[in-house]
Structures are given as structure tokens and as C-alpha cells.
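Visitor: Structure: target-v8.txt, compact mmCIF, N, CA and C atoms.
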# COMPACT_ATOMS: atom_id res chain seq x y z
N MET J 22 26.14 262.69 -185.35
CA MET J 22 27.08 262.28 -186.37
C MET J 22 26.58 262.71 -187.74
N SER J 23 27.53 263.12 -188.56
CA SER J 23 27.22 263.57 -189.91
C SER J 23 27.30 262.39 -190.88
N ASP J 24 26.51 262.45 -191.94
CA ASP J 24 26.53 261.42 -192.97
C ASP J 24 27.52 261.75 -194.08
N THR J 25 28.33 262.78 -193.89
CA THR J 25 29.30 263.18 -194.90
C THR J 25 30.45 262.18 -194.92
N PRO J 26 30.80 261.64 -196.10
CA PRO J 26 31.91 260.69 -196.16
C PRO J 26 33.24 261.37 -195.86
N ILE J 27 34.13 260.63 -195.26
CA ILE J 27 35.46 261.12 -194.94
C ILE J 27 36.39 260.76 -196.09
N PRO J 28 37.07 261.77 -196.69
CA PRO J 28 37.97 261.44 -197.81
C PRO J 28 39.17 260.63 -197.32
N ILE J 29 39.56 259.67 -198.12
CA ILE J 29 40.68 258.81 -197.78
C ILE J 29 41.76 259.01 -198.83
N ASN J 30 42.97 259.34 -198.41
CA ASN J 30 44.10 259.48 -199.31
C ASN J 30 44.89 258.19 -199.30
N ILE J 31 45.19 257.67 -200.49
CA ILE J 31 45.99 256.46 -200.61
C ILE J 31 47.40 256.88 -200.96
N LEU J 32 48.37 256.45 -200.17
CA LEU J 32 49.76 256.80 -200.42
C LEU J 32 50.54 255.57 -200.87
N PHE J 33 51.37 255.75 -201.88
CA PHE J 33 52.25 254.71 -202.37
C PHE J 33 53.68 255.15 -202.15
N GLY J 34 54.62 254.35 -202.58
CA GLY J 34 56.03 254.62 -202.36
C GLY J 34 56.50 255.98 -202.83
N LYS J 35 55.96 256.50 -203.95
CA LYS J 35 56.41 257.77 -204.48
C LYS J 35 55.46 258.90 -204.15
N GLY J 36 54.54 258.71 -203.26
CA GLY J 36 53.59 259.77 -202.93
C GLY J 36 52.20 259.38 -203.39
N LYS J 37 51.34 260.39 -203.52
CA LYS J 37 49.97 260.13 -203.93
C LYS J 37 49.91 259.77 -205.40
N ASP J 38 49.28 258.66 -205.72
CA ASP J 38 49.05 258.24 -207.10
C ASP J 38 47.58 257.92 -207.26
N ASP J 39 47.07 258.17 -208.42
CA ASP J 39 45.72 257.74 -208.74
C ASP J 39 45.84 256.42 -209.48
N ILE J 40 45.61 255.32 -208.78
CA ILE J 40 45.83 254.00 -209.37
C ILE J 40 44.90 253.74 -210.55
N PHE J 41 43.83 254.50 -210.65
CA PHE J 41 42.91 254.30 -211.75
C PHE J 41 43.35 255.03 -213.02
N ASN J 42 44.38 255.86 -212.94
CA ASN J 42 44.91 256.55 -214.11
C ASN J 42 46.20 255.91 -214.60
N ASN J 43 46.55 254.76 -214.07
CA ASN J 43 47.76 254.06 -214.51
C ASN J 43 47.56 253.51 -215.92
N ASN J 44 48.58 253.65 -216.74
CA ASN J 44 48.57 253.10 -218.09
C ASN J 44 49.40 251.82 -218.09
N ILE J 45 48.91 250.81 -218.75
CA ILE J 45 49.67 249.58 -218.92
C ILE J 45 50.07 249.52 -220.39
N TYR J 46 51.37 249.51 -220.64
CA TYR J 46 51.93 249.48 -221.99
C TYR J 46 52.44 248.07 -222.26
N ILE J 47 51.96 247.45 -223.33
CA ILE J 47 52.41 246.12 -223.72
C ILE J 47 52.88 246.20 -225.17
N LEU J 48 54.14 245.88 -225.40
CA LEU J 48 54.71 245.93 -226.74
C LEU J 48 55.31 244.57 -227.08
N GLU J 49 54.91 244.05 -228.21
CA GLU J 49 55.47 242.79 -228.70
C GLU J 49 56.16 243.07 -230.04
N LEU J 50 57.46 242.77 -230.09
CA LEU J 50 58.22 242.90 -231.33
C LEU J 50 58.32 241.53 -231.99
N CYS J 51 58.03 241.49 -233.28
CA CYS J 51 58.25 240.27 -234.07
C CYS J 51 59.53 240.51 -234.86
N LEU J 52 60.49 239.62 -234.69
CA LEU J 52 61.77 239.76 -235.38
C LEU J 52 61.76 238.96 -236.68
N LYS J 53 62.68 239.29 -237.56
CA LYS J 53 62.74 238.64 -238.87
C LYS J 53 63.04 237.15 -238.80
N ASP J 54 63.66 236.70 -237.69
CA ASP J 54 63.93 235.26 -237.54
C ASP J 54 62.73 234.49 -236.98
N GLY J 55 61.60 235.18 -236.77
CA GLY J 55 60.39 234.53 -236.28
C GLY J 55 60.23 234.55 -234.77
N SER J 56 61.22 235.05 -234.05
CA SER J 56 61.12 235.12 -232.59
C SER J 56 60.39 236.41 -232.17
N TYR J 57 59.98 236.43 -230.91
CA TYR J 57 59.24 237.57 -230.36
C TYR J 57 59.95 238.08 -229.11
N ILE J 58 59.87 239.40 -228.91
CA ILE J 58 60.37 240.02 -227.68
C ILE J 58 59.21 240.82 -227.11
N ASN J 59 58.91 240.60 -225.82
CA ASN J 59 57.78 241.27 -225.17
C ASN J 59 58.27 242.22 -224.09
N PHE J 60 57.60 243.37 -224.02
CA PHE J 60 57.87 244.37 -222.99
C PHE J 60 56.54 244.76 -222.37
N GLU J 61 56.55 244.93 -221.06
CA GLU J 61 55.35 245.40 -220.37
C GLU J 61 55.76 246.37 -219.28
N GLU J 62 55.13 247.54 -219.28
CA GLU J 62 55.41 248.57 -218.30
C GLU J 62 54.09 249.14 -217.79
N SER J 63 54.10 249.58 -216.56
CA SER J 63 52.95 250.25 -215.97
C SER J 63 53.42 251.61 -215.46
N SER J 64 52.68 252.65 -215.84
CA SER J 64 53.09 254.00 -215.45
C SER J 64 51.88 254.92 -215.50
N ASN J 65 51.90 255.95 -214.68
CA ASN J 65 50.86 256.97 -214.78
C ASN J 65 51.34 258.15 -215.61
N GLU J 66 52.52 258.01 -216.22
CA GLU J 66 53.06 259.05 -217.10
C GLU J 66 52.55 258.85 -218.52
N LYS J 67 52.50 259.95 -219.29
CA LYS J 67 52.10 259.85 -220.69
C LYS J 67 53.28 259.50 -221.59
N TYR J 68 54.50 259.59 -221.08
CA TYR J 68 55.70 259.33 -221.87
C TYR J 68 56.45 258.17 -221.24
N ILE J 69 56.89 257.22 -222.07
CA ILE J 69 57.61 256.08 -221.52
C ILE J 69 58.63 255.59 -222.54
N ASN J 70 59.79 255.16 -222.05
CA ASN J 70 60.78 254.47 -222.88
C ASN J 70 60.51 252.98 -222.73
N MET J 71 60.02 252.35 -223.79
CA MET J 71 59.70 250.92 -223.71
C MET J 71 60.96 250.07 -223.70
N PHE J 72 61.93 250.40 -224.53
CA PHE J 72 63.22 249.73 -224.47
C PHE J 72 64.28 250.71 -224.94
N THR J 73 65.50 250.44 -224.54
CA THR J 73 66.61 251.33 -224.85
C THR J 73 67.69 250.58 -225.62
N PHE J 74 68.73 251.29 -225.99
CA PHE J 74 69.84 250.68 -226.70
C PHE J 74 70.48 249.55 -225.89
N ARG J 75 70.38 249.63 -224.59
CA ARG J 75 70.97 248.60 -223.71
C ARG J 75 70.28 247.24 -223.84
N ASN J 76 69.09 247.20 -224.41
CA ASN J 76 68.39 245.93 -224.62
C ASN J 76 68.97 245.15 -225.80
N ASN J 77 69.89 245.76 -226.54
CA ASN J 77 70.59 245.11 -227.66
C ASN J 77 69.65 244.52 -228.71
N ILE J 78 68.66 245.30 -229.11
CA ILE J 78 67.76 244.89 -230.19
C ILE J 78 68.24 245.55 -231.47
N ASN J 79 68.58 244.73 -232.46
CA ASN J 79 69.05 245.26 -233.73
C ASN J 79 67.87 245.87 -234.48
N TYR J 80 68.00 247.12 -234.85
CA TYR J 80 66.96 247.88 -235.55
C TYR J 80 66.52 247.17 -236.83
N TYR J 81 67.45 246.60 -237.57
CA TYR J 81 67.14 245.97 -238.85
C TYR J 81 66.56 244.57 -238.71
N ASN J 82 66.54 244.02 -237.49
CA ASN J 82 65.94 242.71 -237.26
C ASN J 82 64.45 242.78 -236.92
N ILE J 83 63.91 243.99 -236.72
CA ILE J 83 62.50 244.14 -236.36
C ILE J 83 61.66 244.02 -237.63
N LYS J 84 60.67 243.12 -237.59
CA LYS J 84 59.78 242.90 -238.73
C LYS J 84 58.45 243.62 -238.55
N SER J 85 57.87 243.50 -237.34
CA SER J 85 56.57 244.13 -237.05
C SER J 85 56.46 244.31 -235.54
N TYR J 86 55.40 245.00 -235.14
CA TYR J 86 55.16 245.20 -233.71
C TYR J 86 53.67 245.25 -233.44
N GLU J 87 53.35 244.98 -232.18
CA GLU J 87 51.98 245.08 -231.71
C GLU J 87 52.01 245.83 -230.38
N LEU J 88 51.30 246.93 -230.30
CA LEU J 88 51.28 247.76 -229.10
C LEU J 88 49.87 247.81 -228.55
N THR J 89 49.74 247.54 -227.26
CA THR J 89 48.47 247.67 -226.56
C THR J 89 48.69 248.58 -225.36
N ILE J 90 47.84 249.57 -225.22
CA ILE J 90 47.88 250.46 -224.06
C ILE J 90 46.53 250.37 -223.39
N ILE J 91 46.55 249.99 -222.13
CA ILE J 91 45.31 249.83 -221.38
C ILE J 91 45.23 250.95 -220.35
N ASN J 92 44.18 251.74 -220.44
CA ASN J 92 43.86 252.77 -219.45
C ASN J 92 42.33 252.87 -219.45
N GLN J 93 41.76 254.07 -219.38
CA GLN J 93 40.30 254.17 -219.44
C GLN J 93 39.79 253.60 -220.76
N ASN J 94 40.56 253.77 -221.81
CA ASN J 94 40.27 253.20 -223.12
C ASN J 94 41.42 252.27 -223.48
N THR J 95 41.14 251.26 -224.26
CA THR J 95 42.20 250.37 -224.71
C THR J 95 42.59 250.77 -226.13
N ILE J 96 43.88 250.95 -226.34
CA ILE J 96 44.43 251.30 -227.64
C ILE J 96 45.20 250.08 -228.14
N HIS J 97 44.94 249.69 -229.37
CA HIS J 97 45.63 248.53 -229.94
C HIS J 97 46.13 248.89 -231.33
N ILE J 98 47.43 248.71 -231.55
CA ILE J 98 48.05 249.02 -232.83
C ILE J 98 48.89 247.82 -233.25
N GLN J 99 48.74 247.41 -234.49
CA GLN J 99 49.54 246.31 -235.03
C GLN J 99 50.02 246.76 -236.41
N LYS J 100 51.35 246.87 -236.57
CA LYS J 100 51.91 247.42 -237.81
C LYS J 100 53.16 246.65 -238.22
N ASP J 101 53.41 246.67 -239.53
CA ASP J 101 54.69 246.22 -240.04
C ASP J 101 55.71 247.32 -239.79
N PHE J 102 56.94 246.94 -239.58
CA PHE J 102 58.00 247.89 -239.28
C PHE J 102 58.78 248.21 -240.55
N ASN J 103 59.05 249.47 -240.78
CA ASN J 103 59.82 249.91 -241.94
C ASN J 103 61.17 250.42 -241.46
N SER J 104 62.23 249.69 -241.79
CA SER J 104 63.57 250.05 -241.30
C SER J 104 64.39 250.82 -242.34
N VAL J 105 63.74 251.35 -243.36
CA VAL J 105 64.46 252.08 -244.41
C VAL J 105 65.12 253.34 -243.85
N LEU J 106 64.40 254.09 -243.04
CA LEU J 106 64.94 255.31 -242.44
C LEU J 106 65.61 254.99 -241.11
N SER J 107 66.37 255.93 -240.58
CA SER J 107 67.06 255.70 -239.31
C SER J 107 66.13 255.88 -238.11
N SER J 108 64.90 256.32 -238.36
CA SER J 108 63.93 256.49 -237.29
C SER J 108 62.54 256.16 -237.84
N TYR J 109 61.84 255.25 -237.16
CA TYR J 109 60.49 254.87 -237.55
C TYR J 109 59.52 255.62 -236.64
N ILE J 110 58.51 256.27 -237.23
CA ILE J 110 57.54 257.01 -236.44
C ILE J 110 56.13 256.57 -236.82
N TYR J 111 55.32 256.29 -235.80
CA TYR J 111 53.90 256.05 -235.97
C TYR J 111 53.18 257.07 -235.10
N LYS J 112 52.17 257.73 -235.65
CA LYS J 112 51.38 258.64 -234.83
C LYS J 112 49.94 258.66 -235.30
N ASP J 113 49.05 258.79 -234.35
CA ASP J 113 47.64 259.01 -234.64
C ASP J 113 47.12 259.97 -233.57
N THR J 114 45.83 260.05 -233.40
CA THR J 114 45.27 261.01 -232.44
C THR J 114 45.52 260.60 -230.99
N ASN J 115 45.90 259.35 -230.74
CA ASN J 115 46.09 258.86 -229.38
C ASN J 115 47.54 258.59 -229.00
N VAL J 116 48.35 258.18 -229.97
CA VAL J 116 49.69 257.65 -229.66
C VAL J 116 50.73 258.21 -230.62
N PHE J 117 51.90 258.48 -230.06
CA PHE J 117 53.09 258.79 -230.85
C PHE J 117 54.12 257.75 -230.45
N LEU J 118 54.62 256.97 -231.42
CA LEU J 118 55.61 255.93 -231.15
C LEU J 118 56.81 256.19 -232.06
N GLU J 119 57.99 256.17 -231.48
CA GLU J 119 59.21 256.32 -232.27
C GLU J 119 60.18 255.21 -231.92
N ILE J 120 60.67 254.53 -232.94
CA ILE J 120 61.74 253.56 -232.78
C ILE J 120 62.91 254.10 -233.60
N SER J 121 64.00 254.40 -232.92
CA SER J 121 65.16 254.97 -233.59
C SER J 121 66.36 254.06 -233.39
N LYS J 122 67.42 254.34 -234.13
CA LYS J 122 68.63 253.52 -234.01
C LYS J 122 69.84 254.42 -233.77
N ASN J 123 70.86 253.82 -233.18
CA ASN J 123 72.12 254.54 -232.99
C ASN J 123 73.11 254.08 -234.06
N LEU J 124 74.35 254.50 -233.95
CA LEU J 124 75.36 254.14 -234.95
C LEU J 124 75.70 252.65 -234.96
N ASP J 125 75.39 251.95 -233.87
CA ASP J 125 75.61 250.50 -233.80
C ASP J 125 74.39 249.71 -234.26
N ASN J 126 73.39 250.40 -234.81
CA ASN J 126 72.13 249.81 -235.28
C ASN J 126 71.29 249.20 -234.17
N LEU J 127 71.49 249.66 -232.94
CA LEU J 127 70.66 249.21 -231.82
C LEU J 127 69.44 250.12 -231.69
N ALA J 128 68.31 249.54 -231.34
CA ALA J 128 67.04 250.26 -231.34
C ALA J 128 66.67 250.80 -229.96
N ASN J 129 65.92 251.89 -229.98
CA ASN J 129 65.38 252.57 -228.81
C ASN J 129 63.92 252.88 -229.12
N CYS J 130 63.02 252.69 -228.15
CA CYS J 130 61.59 252.91 -228.41
C CYS J 130 61.00 253.84 -227.35
N CYS J 131 60.37 254.93 -227.81
CA CYS J 131 59.67 255.88 -226.95
C CYS J 131 58.20 255.92 -227.36
N ILE J 132 57.33 255.98 -226.37
CA ILE J 132 55.89 256.05 -226.63
C ILE J 132 55.34 257.23 -225.84
N TYR J 133 54.48 258.00 -226.49
CA TYR J 133 53.87 259.16 -225.86
C TYR J 133 52.38 259.15 -226.15
N LEU J 134 51.58 259.23 -225.10
CA LEU J 134 50.12 259.32 -225.28
C LEU J 134 49.76 260.76 -225.59
N THR J 135 49.10 260.97 -226.71
CA THR J 135 48.77 262.33 -227.14
C THR J 135 47.30 262.66 -226.93
N SER J 136 46.49 261.69 -226.58
CA SER J 136 45.06 261.94 -226.43
C SER J 136 44.79 262.91 -225.28
N ASN J 137 43.81 263.76 -225.49
CA ASN J 137 43.41 264.76 -224.50
C ASN J 137 44.58 265.64 -224.07
N ASN J 138 45.41 266.00 -225.02
CA ASN J 138 46.59 266.79 -224.71
C ASN J 138 46.66 267.95 -225.69
N SER J 139 46.86 269.14 -225.18
CA SER J 139 46.93 270.31 -226.05
C SER J 139 48.37 270.73 -226.31
N GLN J 140 49.35 270.00 -225.79
CA GLN J 140 50.75 270.35 -225.98
C GLN J 140 51.30 269.69 -227.24
N MET J 141 52.28 270.35 -227.83
CA MET J 141 52.98 269.74 -228.96
C MET J 141 54.13 268.91 -228.40
N PHE J 142 54.47 267.85 -229.11
CA PHE J 142 55.55 266.97 -228.66
C PHE J 142 56.59 266.88 -229.76
N PHE J 143 57.81 267.21 -229.42
CA PHE J 143 58.91 267.15 -230.38
C PHE J 143 59.89 266.09 -229.93
N THR J 144 60.32 265.26 -230.86
CA THR J 144 61.32 264.25 -230.51
C THR J 144 62.69 264.89 -230.59
N PRO J 145 63.63 264.38 -229.82
CA PRO J 145 64.99 264.92 -229.90
C PRO J 145 65.61 264.53 -231.23
N PRO J 146 66.62 265.27 -231.66
CA PRO J 146 67.26 264.91 -232.93
C PRO J 146 67.92 263.55 -232.81
N ASN J 147 67.94 262.82 -233.90
CA ASN J 147 68.51 261.48 -233.94
C ASN J 147 69.98 261.58 -234.36
N TYR J 148 70.88 261.37 -233.43
CA TYR J 148 72.30 261.48 -233.73
C TYR J 148 72.88 260.14 -234.07
Render the structure in this file as C-alpha cells.

Guide:
Amino acid sequence: MSDTPIPINILFGKGKDDIFNNNIYILELCLKDGSYINFEESSNEKYINMFTFRNNINYYNIKSYELTIINQNTIHIQKDFNSVLSSYIYKDTNVFLEISKNLDNLANCCIYLTSNNSQMFFTPPNY
């Protein structure tokens, strides 16, 4: 018998996933009336829609947000929200976050992990 380990493939519902590369996205919105809305998603993708227009969040009611992304490193961002423009963008070397609004003033939030990435990321035009 050989002492060589036998590789084991772990299969999940969508095929092979590396469970150790999963990102956990936690977003807490603080609204101007003092209430909070929490979102939590788990994905192995670098791009995620945290909430969409269907969540009926009024863009002008957002006061601040707190974003935590847990993966090999933990990223924590806490910022006041500026609703002056029709699209709010936060970016640093690790994260690109965009909160945009539609004509009904409903908000949409996209998050993209930019760390260890050599590609450029362009957001779609805001109509």
C-alpha cells in the first residue's frame, strides 16, 4: 500500500465549489427614521447584488451603511450615505460598492470585490 493521499472532490448542488473561498457579505442600512435593514448573502462570486429595486428601499431614506465582507480577510466599511447624486459610489483597493436609484427613487446595491484582480470594472449607465 502507498502512503500517497487520495484526493477527495466535494460536490455541491451547482457542481464543484471551494467552500473555503466563499465570501459572506453583510450589509446594514441605517435609515433616516432610525430603523435598520440588514442583508446577508454568501457567494463565491466577486460580484453580488445585495438588494434590488424590488426591495422597495427609498434612495433618499438611506442615512448610512455598514458593510462587512468575510473571506480570507475581513473587510469592514462604515460610511455616511450621500444621496445628492443619483448614484453613490464607494471604492478602495478591495471593494467597489454602488448604490443607485431609478426614476421612482428606489435603490439598488451592487458590490464587487476588486482585491487581487487585474481586470477593470465598469458599472452600467444609470438610466

Visitor: How many Å lie between CA of Ile45 in chain J and atom N of Lys84 in chain J, rounded to one decimal?

Guide: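 That distance, rounded to one decimal, is 22.6 Å.
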
Visitor: Write out as a ChimeraX atom specification each polymer residue whose atoms come within 6 Å of Asn126 in chain J, counting only N, CA and C atoms; drop sequence neighbours fewer than 2 positions from it.

Guide: /J:78-81,122-124,128

Visitor: Please identify every residue of range 42-91 of chain J that has at least one atom no farther than 6 Å from an atom of range 97-104 of chain J, counting only N, CA and C atoms, and for each give the shortest atom pair and the distance in Å to one decimal, arranged by chain then increasing number, as a tab-separated table.

Guide:
residue	atom	partner	partner_atom	distance
J:Tyr81	CA	J:Ser104	CA	5.9
J:Ile83	C	J:Phe102	CA	5.6
J:Lys84	C	J:Phe102	N	3.8
J:Ser85	CA	J:Phe102	N	3.8
J:Tyr86	N	J:Lys100	C	4.2
J:Glu87	CA	J:Gln99	CA	4.3
J:Leu88	N	J:Ile98	C	3.9
J:Thr89	CA	J:His97	CA	4.5
J:Ile90	N	J:His97	N	5.1

Visitor: Of the candidates J:Tyr46, J:Phe117, J:Arg75, J:Asn129, which one gets nearest to Glu62 in chain J if we count all atoms listed in the file?

Guide: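 Ranked by minimum distance to Glu62 in chain J, first place goes to J:Tyr46.
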
Visitor: Tell me, in Å to one decimal, how far atom N of Cys51 in chain J is from atom C of Ser107 in chain J.

Guide: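 We find that atom N of Cys51 in chain J and atom C of Ser107 in chain J lie 17.2 Å from each other.
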
Visitor: Report, in Å to a single decimal, how far apart CA of Ser108 in chain J and CA of Ser121 in chain J are.

Guide: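 About the pair CA of Ser121 in chain J and CA of Ser108 in chain J: they are 4.2 Å apart.
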
Visitor: May I have the residues within 7 Å of Leu134 in chain J as a list in words, using all atoms listed in the file and disregarding those fewer than 6 positions away in the same chain?

Guide: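 The contact residues come out as Glu66, Lys67, Tyr68, Ile69, Thr114, Asn115, Val116 and Phe117 of chain J.
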
Visitor: Looking at J:Ile120, J:Ile47, J:Thr73, J:Gln93, which one is nearest to Glu61 in chain J, with distances taken over all atoms listed in the file?

Guide: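 Using all atoms listed in the file, the shortest distance to Glu61 in chain J belongs to J:Ile47.
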
Visitor: From a DSSP pass on the backbone, collect the residues of range 58-132 of chain J flagged as strand (DSSP E or B) and hand them back as a ChimeraX atom specification.

Guide: /J:58-64,68-72,79,83-91,95-101,108-112,116-122,127-132

Visitor: Got a sec to check which residues sit within 5 Å of (46.8, 251.8, -217.6), counting all atoms listed in the file, and write them as an MDAnalysis selection string?

Guide: chainID J and resid 43:45 91:92

Visitor: Could you tell me which of J:Lys53, J:Leu106, J:Lys112, J:Tyr133 comes closest to Asn82 in chain J if we count only N, CA and C atoms?

Guide: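 Ranked by minimum distance to Asn82 in chain J, first place goes to J:Lys53.
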